[in-house]
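Q: The following block contains the structure, expressed as structure tokens.
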Amino acid sequence: MMVAGLKYLHLAAMLCWCASLVALPLLLHFYGQIWRGKADSSQTQARYAEFRLITHFGYVGFATPAAVIAIAAGTGLIFADQVFDLWFVAKLTLVAGMALVHAWIGHLILTSGEHRGLQNMPSALWALVLGLPLMMGVLWLVLAKPDLAWVADWMPEFMLAPRGQSVDQP
């Protein structure tokens with residue numbers, strides 16, 4: 001019962017986190033399009049305040065808590081389900097990449113607030129270019145659970161012997 005609850009919590013949080021990793025770059029991009037080439041006016045200021053509110057609370061109040069809950073529930077699943085396969089290590093690597101994309105989106109949101117706009121920043125769509133393949137890779141690894149034993153052939157010997165013992169020894 002506990003494993004099922006952790007899986008549900010993990011899946012729900014991952015869906016929320018992934019949705020925010022798609023929505024926030026789109027918000028940054030399309031709001032950035034509004035300001036490019038426009039002079040300051042009261043309507044532009046109102047839109048800027050709306051943009052700051054949506055992106056800030058979307059990141060701080062939704063995306064980050066979803067990421068923390070997804071990672072915490074996933075960590076609980078590691079031990080509850082005893083998952084210690086190579087596909088899982090690959091999944092954790094992709095999740096670490098998602099966390100880096102998440103941090104970069106936060107940096108863009110913070111920078112847009114400090115510099116009052118998105119004029120001199122890289123395109124937020126890069127977060128989609130980087131994040132979508134990571135998300136699809138995580139989904140594929142979880143659903144396919146491929147046998148990645150062939151990867152061990154490419155690893156240096158010290159990575160295959162934890163604490164000076166062989167992996168094959170109990």
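By convention here, the chains of the structure tokens are called A, B, ... in the order presented, each chain's residues are numbered starting at 1, and ligands are numbered starting at 1 in the order presented.
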Can you list, as a list in words, every protein, DNA or RNA residue that comes within 10 Å of Ala4 in chain A when you count only C-alpha atoms, leaving out same-chain residues fewer than 5 positions away?
A: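 With the cut-off at 10 Å, the set is Leu9, His10 and Leu77 of chain A.
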Q: Can I get the residues of range 43-122 of chain A within 12 Å of range 142-147 of chain A, each with the closest pair of atoms and their distance in Å to one decimal, using only C-alpha atoms, sorted chain first then ascending number, as a Markdown table?
A:
```
| residue | atom | partner | partner_atom | distance |
| --- | --- | --- | --- | --- |
| A:Gly74 | CA | A:Val142 | CA | 11.8 |
| A:Val83 | CA | A:Lys145 | CA | 10.9 |
| A:Phe84 | CA | A:Lys145 | CA | 11.6 |
| A:Asp85 | CA | A:Asp147 | CA | 8.5 |
| A:Leu86 | CA | A:Asp147 | CA | 7.5 |
| A:Trp87 | CA | A:Lys145 | CA | 6.0 |
| A:Phe88 | CA | A:Val142 | CA | 7.9 |
| A:Val89 | CA | A:Lys145 | CA | 11.1 |
| A:Ala90 | CA | A:Val142 | CA | 10.0 |
| A:Lys91 | CA | A:Val142 | CA | 7.5 |
| A:Leu92 | CA | A:Val142 | CA | 10.7 |
| A:Leu94 | CA | A:Val142 | CA | 11.4 |
| A:Val95 | CA | A:Val142 | CA | 11.7 |
```
Q: Of the residues A:Gly97, A:Pro133, A:Gly113, A:Gly58, which is the one nearest to Leu24 in chain A, using only C-alpha atoms?
A: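 Smallest distance to Leu24 in chain A is found for A:Gly58.
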Q: Mind checking which residues fall within 8 Å of range 55-57 of chain A, counting only C-alpha atoms, ignoring those fewer than 5 positions away in the same chain, and posting them as a PyMOL selection string?
A: chain A and resi 24+27-28+62+109
Q: What does the file look like for those residues with all heavy atoms, as a CSV table (one decimal), in the first residue's frame?
A:
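Result saved to selection-v2.csv:
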```
chain,number,residue,atom,x,y,z
A,24,LEU,N,6.6,27.4,-18.2
A,24,LEU,CA,7.4,28.5,-17.8
A,24,LEU,C,8.3,29.1,-19.0
A,24,LEU,O,8.3,30.3,-19.2
A,24,LEU,CB,8.2,28.3,-16.6
A,24,LEU,CG,7.4,28.2,-15.3
A,24,LEU,CD1,8.3,27.7,-14.1
A,24,LEU,CD2,6.8,29.6,-15.0
A,27,LEU,N,5.9,30.9,-21.3
A,27,LEU,CA,5.5,32.2,-20.7
A,27,LEU,C,6.6,33.2,-20.9
A,27,LEU,O,6.4,34.4,-21.3
A,27,LEU,CB,5.2,32.1,-19.3
A,27,LEU,CG,3.8,31.5,-18.9
A,27,LEU,CD1,3.7,31.2,-17.4
A,27,LEU,CD2,2.7,32.5,-19.3
A,28,LEU,N,7.9,32.8,-20.6
A,28,LEU,CA,9.0,33.7,-20.8
A,28,LEU,C,9.2,34.2,-22.2
A,28,LEU,O,9.4,35.3,-22.5
A,28,LEU,CB,10.3,33.1,-20.3
A,28,LEU,CG,10.4,32.9,-18.8
A,28,LEU,CD1,11.6,32.0,-18.4
A,28,LEU,CD2,10.7,34.3,-18.1
A,62,PHE,N,4.8,26.6,-7.5
A,62,PHE,CA,4.3,25.4,-8.2
A,62,PHE,C,5.4,24.5,-8.7
A,62,PHE,O,5.4,23.4,-8.3
A,62,PHE,CB,3.3,25.8,-9.4
A,62,PHE,CG,2.7,24.6,-10.0
A,62,PHE,CD1,1.6,24.0,-9.4
A,62,PHE,CD2,3.2,24.2,-11.2
A,62,PHE,CE1,1.0,22.9,-10.1
A,62,PHE,CE2,2.6,23.1,-11.9
A,62,PHE,CZ,1.5,22.4,-11.3
A,109,ILE,N,14.0,33.8,-14.9
A,109,ILE,CA,12.9,34.5,-14.2
A,109,ILE,C,13.5,35.6,-13.3
A,109,ILE,O,13.0,36.7,-13.3
A,109,ILE,CB,12.0,33.5,-13.5
A,109,ILE,CG1,11.2,32.7,-14.5
A,109,ILE,CG2,11.0,34.3,-12.5
A,109,ILE,CD1,10.4,31.5,-13.8
```
Q: Tell me which of A:Ile69, A:Ala23, A:Ala80, A:Met14 sits closest to Ile54 in chain A, counting only C-alpha atoms.
A: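 Closest to Ile54 in chain A, using only C-alpha atoms: A:Ala23.
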Q: Return the single residue from A:Ala149, A:Leu21, A:Leu15, A:Ile78 that is closest to Ala103 in chain A, with distances computed using only C-alpha atoms.
A: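 Selected residue with least distance to Ala103 in chain A: A:Leu21.
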Q: From the options A:Ile105, A:Leu148, A:Cys16, A:Val68, which residue's atoms come nearest to Met121 in chain A, counting only C-alpha atoms?
A: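 Of all the options, A:Ile105 lies closest to Met121 in chain A.
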Q: Just asking: which residues within range 50-130 of chain A are helix (DSSP H, G or I) according to DSSP, as a PyMOL selection string?
A: chain A and resi 50-81+86-114+125-130
Q: Given only C-alpha atoms as the basis, pick out the residue of A:Ala19, A:Leu100, A:Met136, A:Val3 nearest to Ala63 in chain A.
A: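 Once distances to Ala63 in chain A are computed over only C-alpha atoms, the minimum belongs to A:Ala19.
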Q: For Met2 in chain A, please output as a list in words all residues within 12 Å (counting only C-alpha atoms; exclusion window: fewer than 4 positions along the same chain).
A: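 Listed by chain and then number, they are Leu6, Lys7, Tyr8, Leu9, Ala73, Gly76, Leu77, Phe79, Ala80 and Asp81 of chain A.
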Q: Please, could you write that set of residues out with C-alpha atoms as a short mmCIF file (atom, residue, chain, number, x, y, z; two decimals), in the first residue's frame?
A:
```cif
data_model
loop_
_atom_site.label_atom_id
_atom_site.label_comp_id
_atom_site.auth_asym_id
_atom_site.auth_seq_id
_atom_site.Cartn_x
_atom_site.Cartn_y
_atom_site.Cartn_z
CA LEU A 6 4.53 6.74 -3.15
CA LYS A 7 4.19 5.87 -6.84
CA TYR A 8 1.00 7.94 -7.10
CA LEU A 9 2.60 10.90 -5.34
CA ALA A 73 8.82 10.54 -3.35
CA GLY A 76 11.41 6.92 -1.06
CA LEU A 77 10.54 4.59 -3.94
CA PHE A 79 14.27 2.07 -0.99
CA ALA A 80 10.65 0.90 -0.80
CA ASP A 81 10.86 -0.91 -4.16
#
```
Q: Considering only C-alpha atoms, can you say which of A:Thr64, A:Arg52, A:Gly5, A:Leu132 comes closest to His115 in chain A?
A: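 Once distances to His115 in chain A are computed over only C-alpha atoms, the minimum belongs to A:Arg52.
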Q: What does the structure give for the distance between CA of Leu53 in chain A and CA of Ser112 in chain A, in Å to one decimal?
A: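 Computing it gives 11.8 Å between the two atoms.
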Q: Tell me which protein, DNA and RNA residues are within 8 Å of His29 in chain A, counting only C-alpha atoms, leaving out same-chain ones fewer than 6 positions away, and put them as a list of chain:residue names.
A: A:Ser123, A:Ala124, A:Leu125
